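Text of input_10.cif, listed as mmCIF, C-alpha atoms:
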```cif
data_run
#
loop_
_atom_site.label_atom_id
_atom_site.label_comp_id
_atom_site.auth_asym_id
_atom_site.auth_seq_id
_atom_site.Cartn_x
_atom_site.Cartn_y
_atom_site.Cartn_z
CA MET A 1 131.19 72.55 -19.02
CA ARG A 2 131.08 74.65 -22.13
CA VAL A 3 128.23 77.04 -22.87
CA SER A 4 126.74 74.84 -25.59
CA HIS A 5 126.60 71.86 -23.22
CA LYS A 6 124.84 74.02 -20.60
CA VAL A 7 122.26 75.16 -23.16
CA ILE A 8 121.62 71.59 -24.29
CA ALA A 9 121.31 70.43 -20.67
CA ALA A 10 118.89 73.25 -19.87
CA LEU A 11 116.75 72.49 -22.94
CA GLY A 12 116.67 68.81 -22.05
CA LEU A 13 115.57 69.61 -18.51
CA ALA A 14 112.86 72.01 -19.77
CA CYS A 15 111.53 69.40 -22.19
CA ALA A 16 111.39 66.80 -19.42
CA PHE A 17 109.02 68.98 -17.40
CA ALA A 18 106.97 70.35 -20.28
CA GLN A 19 103.45 69.01 -20.66
CA PRO A 20 101.85 68.50 -24.03
CA ALA A 21 99.87 71.57 -25.11
CA SER A 22 96.78 69.42 -25.65
CA ALA A 23 96.60 68.71 -21.90
CA ASP A 24 95.27 72.24 -21.42
CA LEU A 25 92.80 72.20 -24.31
CA LEU A 26 89.12 71.38 -23.94
CA GLN A 27 87.72 68.50 -25.94
CA GLN A 28 84.10 69.15 -26.93
CA LYS A 29 81.50 67.68 -29.23
CA THR A 30 79.99 70.18 -31.64
CA LEU A 31 76.67 70.02 -33.43
CA PRO A 32 77.46 70.19 -37.16
CA ALA A 33 75.34 72.31 -39.49
CA SER A 34 74.19 69.24 -41.41
CA LEU A 35 72.61 67.70 -38.30
CA ALA A 36 71.17 71.06 -37.22
CA LEU A 37 69.45 71.36 -40.60
CA THR A 38 68.07 67.83 -40.40
CA ILE A 39 66.75 68.44 -36.87
CA ALA A 40 65.11 71.73 -37.87
CA GLN A 41 63.62 70.36 -41.09
CA THR A 42 62.20 67.28 -39.36
CA ALA A 43 60.64 69.34 -36.56
CA TYR A 44 59.17 71.73 -39.11
CA GLU A 45 57.75 68.95 -41.29
CA THR A 46 56.32 67.13 -38.27
CA CYS A 47 54.39 70.22 -37.24
CA THR A 48 53.25 71.20 -40.74
CA GLN A 49 51.94 67.66 -41.35
CA GLN A 50 49.67 68.28 -38.37
CA GLY A 51 48.51 71.60 -39.82
CA TYR A 52 50.57 73.83 -37.53
CA HIS A 53 52.24 77.00 -38.84
CA VAL A 54 55.49 77.12 -36.89
CA SER A 55 58.98 78.52 -36.75
CA VAL A 56 61.97 76.44 -35.70
CA HIS A 57 65.44 77.29 -34.40
CA VAL A 58 68.42 75.06 -33.64
CA VAL A 59 71.23 76.59 -31.60
CA GLY A 60 74.74 75.31 -30.86
CA ARG A 61 76.58 74.86 -27.59
CA GLU A 62 77.06 78.61 -27.02
CA GLY A 63 73.52 79.45 -28.05
CA GLN A 64 74.50 80.57 -31.56
CA VAL A 65 71.88 80.02 -34.27
CA LEU A 66 72.79 77.10 -36.54
CA ALA A 67 69.48 76.72 -38.39
CA ALA A 68 66.25 78.72 -38.52
CA ILE A 69 62.97 78.29 -40.37
CA ARG A 70 60.07 80.73 -40.41
CA GLY A 71 57.30 78.56 -41.70
CA ASP A 72 54.74 79.59 -44.29
CA GLY A 73 51.81 81.22 -42.56
CA SER A 74 53.48 81.38 -39.15
CA SER A 75 52.91 84.46 -37.03
CA PRO A 76 55.83 86.91 -36.87
CA HIS A 77 56.38 86.39 -33.13
CA THR A 78 56.95 82.64 -33.58
CA PHE A 79 60.36 83.25 -35.14
CA GLU A 80 61.67 85.10 -32.09
CA ASN A 81 59.94 82.73 -29.67
CA SER A 82 61.41 79.58 -31.24
CA GLN A 83 64.91 81.07 -30.98
CA ARG A 84 64.41 82.10 -27.35
CA LYS A 85 62.99 78.68 -26.48
CA ALA A 86 65.97 76.90 -28.09
CA TYR A 87 68.41 79.21 -26.29
CA THR A 88 66.62 78.61 -22.97
CA ALA A 89 66.79 74.81 -23.36
CA GLN A 90 70.48 74.99 -24.26
CA THR A 91 71.40 77.52 -21.57
CA PHE A 92 69.64 75.77 -18.69
CA LYS A 93 70.32 72.27 -20.09
CA THR A 94 66.70 71.28 -19.60
CA PRO A 95 63.45 71.39 -21.57
CA SER A 96 62.14 74.96 -21.74
CA GLY A 97 58.91 73.70 -20.17
CA ASP A 98 60.86 72.69 -17.05
CA PHE A 99 62.31 76.20 -16.90
CA ALA A 100 58.79 77.63 -17.29
CA GLN A 101 57.61 75.51 -14.36
CA ARG A 102 60.52 76.73 -12.20
CA VAL A 103 59.56 80.33 -12.99
CA LYS A 104 55.91 79.58 -12.20
CA ASP A 105 56.96 78.03 -8.88
CA ASN A 106 59.26 80.98 -8.10
CA PRO A 107 58.05 84.08 -9.98
CA THR A 108 60.74 86.24 -8.36
CA SER A 109 63.52 84.21 -9.98
CA SER A 110 65.99 86.55 -11.65
CA SER A 111 66.68 83.97 -14.38
CA VAL A 112 63.53 84.97 -16.25
CA HIS A 113 65.00 88.44 -16.81
CA LEU A 114 68.12 87.20 -18.57
CA ALA A 115 68.43 88.31 -22.18
CA GLY A 116 67.30 85.72 -24.70
CA VAL A 117 65.46 83.34 -22.37
CA ILE A 118 61.74 82.69 -22.24
CA ALA A 119 59.58 80.72 -19.83
CA ALA A 120 57.57 78.77 -22.41
CA GLN A 121 57.34 75.10 -23.32
CA GLY A 122 58.44 73.91 -26.76
CA ALA A 123 62.20 73.39 -26.70
CA LEU A 124 64.59 70.60 -25.79
CA PRO A 125 68.33 70.44 -25.21
CA ILE A 126 70.30 68.45 -27.76
CA THR A 127 72.69 66.08 -26.01
CA VAL A 128 75.48 63.62 -26.62
CA GLY A 129 75.50 61.47 -23.50
CA ASP A 130 75.29 63.95 -20.62
CA GLU A 131 76.83 66.79 -22.62
CA VAL A 132 74.48 69.48 -23.98
CA ILE A 133 75.67 70.50 -27.45
CA GLY A 134 72.68 72.61 -28.50
CA GLY A 135 68.97 73.16 -28.33
CA ILE A 136 65.91 73.10 -30.57
CA GLY A 137 62.87 75.31 -30.17
CA VAL A 138 59.54 75.32 -31.97
CA SER A 139 56.82 77.96 -31.71
CA GLY A 140 53.41 78.27 -33.31
CA ALA A 141 51.58 75.02 -32.63
CA PRO A 142 48.46 75.33 -30.47
CA GLY A 143 50.25 74.60 -27.21
CA GLY A 144 53.78 74.19 -25.94
CA ASP A 145 53.32 70.43 -25.61
CA LYS A 146 52.77 70.21 -29.38
CA ASP A 147 55.79 72.46 -30.04
CA GLU A 148 57.87 70.19 -27.81
CA ALA A 149 56.64 67.04 -29.58
CA CYS A 150 57.87 68.49 -32.90
CA SER A 151 61.21 69.37 -31.28
CA LYS A 152 61.49 65.79 -30.04
CA ALA A 153 60.76 64.43 -33.52
CA GLY A 154 63.67 66.48 -34.85
CA ILE A 155 66.07 65.11 -32.26
CA ASP A 156 64.76 61.57 -32.68
CA LYS A 157 65.53 61.72 -36.41
CA VAL A 158 69.29 62.04 -35.70
CA ALA A 159 69.44 60.15 -32.39
CA ALA A 160 71.78 57.48 -33.79
CA GLN A 161 74.30 60.18 -34.80
CA LEU A 162 74.20 61.83 -31.34
CA LYS A 163 76.08 59.02 -29.60
#
```

Can you dump the structure from the file as structure tokens?
Amino acid sequence: MRVSHKVIAALGLACAFAQPASADLLQQKTLPASLALTIAQTAYETCTQQGYHVSVHVVGREGQVLAAIRGDGSSPHTFENSQRKAYTAQTFKTPSGDFAQRVKDNPTSSSVHLAGVIAAQGALPITVGDEVIGGIGVSGAPGGDKDEACSKAGIDKVAAQLK
């Protein structure tokens, strides 16, 4: 067999065993900026209509900030708290209030010392099916339950697009 026939045979054999490159790639849903803005704006408006001066953050699947609002009249600490709440909900894939309860039940948990997390109610994970693609956090209403209700209103606004 000539050299060129050996090369062609070897290439053919290699191609037969090669897998498509896409077999090794992850397929993930990503929260687009347009939805993040709608979620944040709706949460903000829901709280302000009730007279609350809040800040809102929406984070993506890696905890990166996609949208942030520091509301008129909101206290300076609410901006940091809303971001940390959103990050906590996204990171632990659970409402930040659930994380706060776990810390209360086990105060020696090392999770509370992780950078960027906070044990405070007011944030929810943003999901598509069972996949967490982000989180929303609100801070500044008179109670974490009210912050969380505004977060829920933001998610509810785009629920049909999160399928």

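Interatomic distance, CA of Thr127 in chain A to CA of Gln50 in chain A: 26.2 Å.
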
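Candidate residues A:Pro125, A:Gly116, A:Val138, A:Lys146 were compared for distance to Gln41 in chain A, and the nearest is A:Val138, using only C-alpha atoms.
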
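Residue nearest Ile39 in chain A within the list A:Leu162, A:Ala149, A:Ile155, A:Ile69: A:Ile155 [criterion: smallest interatomic distance, all atoms listed in the file].
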
Picked residues, the PyMOL selection byres ((chain A and resi 91) around 10), expected as a VMD selection string: chain A and resid 61 to 63 85 to 90 92 to 94 96 116 to 117 125 132 134 to 135

Would you put the residues from that selection into a file with C-alpha atoms, as a tab-separated table (two decimals), in the coordinates of the input?
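That gives us again_4.tsv:
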```tsv
chain	number	residue	atom	x	y	z
A	61	ARG	CA	76.58	74.86	-27.59
A	62	GLU	CA	77.06	78.61	-27.02
A	63	GLY	CA	73.52	79.45	-28.05
A	85	LYS	CA	62.99	78.68	-26.48
A	86	ALA	CA	65.97	76.90	-28.09
A	87	TYR	CA	68.41	79.21	-26.29
A	88	THR	CA	66.62	78.61	-22.97
A	89	ALA	CA	66.79	74.81	-23.36
A	90	GLN	CA	70.48	74.99	-24.26
A	92	PHE	CA	69.64	75.77	-18.69
A	93	LYS	CA	70.32	72.27	-20.09
A	94	THR	CA	66.70	71.28	-19.60
A	96	SER	CA	62.14	74.96	-21.74
A	116	GLY	CA	67.30	85.72	-24.70
A	117	VAL	CA	65.46	83.34	-22.37
A	125	PRO	CA	68.33	70.44	-25.21
A	132	VAL	CA	74.48	69.48	-23.98
A	134	GLY	CA	72.68	72.61	-28.50
A	135	GLY	CA	68.97	73.16	-28.33
```

Return the single residue from A:Ala141, A:Ala123, A:Val112, A:Ala43 that is closest to Gly154 in chain A, with distances computed using all atoms listed in the file. A:Ala43

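The coordinates place CA of Ala119 in chain A at 26.6 Å from CA of Ala33 in chain A.
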
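The shortest atom-to-atom distance to Phe79 in chain A, with all atoms listed in the file taken into account, belongs to A:Gly140 out of A:Ser34, A:Gln28, A:Ala40, A:Gly140.
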
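Take the candidates A:Leu37, A:Cys47, A:Ile126, A:Ala67 and check each one against Gly143 in chain A using only C-alpha atoms; the shortest distance goes to A:Cys47.
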
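Distances to Gly122 in chain A were evaluated for A:Gly71, A:Gly137, A:Pro32, A:Pro142 using all atoms listed in the file, and the minimum falls at A:Gly137.
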
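Reported to one decimal place, the separation of CA of Asp130 in chain A from CA of Lys29 in chain A is 11.3 Å.
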
Determine the axis-aligned bounding box of all atoms of range 96-111 of chain A present in the file, pad each side by 5 Å, and express its centre and edge lengths in Å to one decimal place as JSON.
```
{"center_x": 61.3, "center_y": 79.6, "center_z": -14.9, "size_x": 20.8, "size_y": 23.9, "size_z": 23.6}
```

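Applied to the file shown here, the PyMOL selection byres ((chain A and resi 55) around 9) selects the residues A:Tyr44, A:His53, A:Val54, A:Val56, A:His57, A:Ala68, A:Ile69, A:Arg70, A:Gly71, A:Asp72, A:Ser74, A:Ser75, A:Pro76, A:Thr78, A:Phe79, A:Glu80, A:Asn81, A:Ser82, A:Gln83, A:Gly137, A:Val138, A:Ser139, A:Gly140.
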
Complete range 124-141 of chain A with N, CA and C atoms (output as a PDB file, in the coordinates of the input).
```pdb
ATOM      1  N   LEU A 124      63.841  71.664 -26.458  1.00  0.00           N
ATOM      2  CA  LEU A 124      64.590  70.600 -25.790  1.00  0.00           C
ATOM      3  C   LEU A 124      66.082  70.815 -25.987  1.00  0.00           C
ATOM      4  N   PRO A 125      66.881  70.424 -24.986  1.00  0.00           N
ATOM      5  CA  PRO A 125      68.330  70.440 -25.210  1.00  0.00           C
ATOM      6  C   PRO A 125      68.714  69.306 -26.140  1.00  0.00           C
ATOM      7  N   ILE A 126      69.763  69.493 -26.894  1.00  0.00           N
ATOM      8  CA  ILE A 126      70.300  68.450 -27.760  1.00  0.00           C
ATOM      9  C   ILE A 126      71.564  67.938 -27.071  1.00  0.00           C
ATOM     10  N   THR A 127      71.599  66.634 -26.808  1.00  0.00           N
ATOM     11  CA  THR A 127      72.690  66.080 -26.010  1.00  0.00           C
ATOM     12  C   THR A 127      73.430  64.951 -26.706  1.00  0.00           C
ATOM     13  N   VAL A 128      74.669  64.801 -26.298  1.00  0.00           N
ATOM     14  CA  VAL A 128      75.480  63.620 -26.620  1.00  0.00           C
ATOM     15  C   VAL A 128      75.882  63.082 -25.262  1.00  0.00           C
ATOM     16  N   GLY A 129      75.293  61.960 -24.861  1.00  0.00           N
ATOM     17  CA  GLY A 129      75.500  61.470 -23.500  1.00  0.00           C
ATOM     18  C   GLY A 129      74.908  62.488 -22.528  1.00  0.00           C
ATOM     19  N   ASP A 130      75.732  62.934 -21.579  1.00  0.00           N
ATOM     20  CA  ASP A 130      75.290  63.950 -20.620  1.00  0.00           C
ATOM     21  C   ASP A 130      75.674  65.357 -21.035  1.00  0.00           C
ATOM     22  N   GLU A 131      76.328  65.498 -22.172  1.00  0.00           N
ATOM     23  CA  GLU A 131      76.830  66.790 -22.620  1.00  0.00           C
ATOM     24  C   GLU A 131      75.814  67.488 -23.528  1.00  0.00           C
ATOM     25  N   VAL A 132      75.411  68.694 -23.163  1.00  0.00           N
ATOM     26  CA  VAL A 132      74.480  69.480 -23.980  1.00  0.00           C
ATOM     27  C   VAL A 132      75.283  70.186 -25.061  1.00  0.00           C
ATOM     28  N   ILE A 133      74.946  69.910 -26.320  1.00  0.00           N
ATOM     29  CA  ILE A 133      75.670  70.500 -27.450  1.00  0.00           C
ATOM     30  C   ILE A 133      74.801  71.468 -28.252  1.00  0.00           C
ATOM     31  N   GLY A 134      73.561  71.690 -27.800  1.00  0.00           N
ATOM     32  CA  GLY A 134      72.680  72.610 -28.500  1.00  0.00           C
ATOM     33  C   GLY A 134      71.272  72.557 -27.957  1.00  0.00           C
ATOM     34  N   GLY A 135      70.371  73.161 -28.705  1.00  0.00           N
ATOM     35  CA  GLY A 135      68.970  73.160 -28.330  1.00  0.00           C
ATOM     36  C   GLY A 135      68.111  73.372 -29.554  1.00  0.00           C
ATOM     37  N   ILE A 136      66.878  72.874 -29.498  1.00  0.00           N
ATOM     38  CA  ILE A 136      65.910  73.100 -30.570  1.00  0.00           C
ATOM     39  C   ILE A 136      64.648  73.676 -29.954  1.00  0.00           C
ATOM     40  N   GLY A 137      64.106  74.698 -30.621  1.00  0.00           N
ATOM     41  CA  GLY A 137      62.870  75.310 -30.170  1.00  0.00           C
ATOM     42  C   GLY A 137      61.888  75.440 -31.310  1.00  0.00           C
ATOM     43  N   VAL A 138      60.630  75.187 -31.008  1.00  0.00           N
ATOM     44  CA  VAL A 138      59.540  75.320 -31.970  1.00  0.00           C
ATOM     45  C   VAL A 138      58.490  76.229 -31.359  1.00  0.00           C
ATOM     46  N   SER A 139      57.889  77.072 -32.184  1.00  0.00           N
ATOM     47  CA  SER A 139      56.820  77.960 -31.710  1.00  0.00           C
ATOM     48  C   SER A 139      55.770  78.093 -32.802  1.00  0.00           C
ATOM     49  N   GLY A 140      54.512  78.044 -32.377  1.00  0.00           N
ATOM     50  CA  GLY A 140      53.410  78.270 -33.310  1.00  0.00           C
ATOM     51  C   GLY A 140      52.325  77.222 -33.286  1.00  0.00           C
ATOM     52  N   ALA A 141      52.626  76.034 -32.754  1.00  0.00           N
ATOM     53  CA  ALA A 141      51.580  75.020 -32.630  1.00  0.00           C
ATOM     54  C   ALA A 141      50.617  75.462 -31.525  1.00  0.00           C
TER      55      ALA A 141
END
```
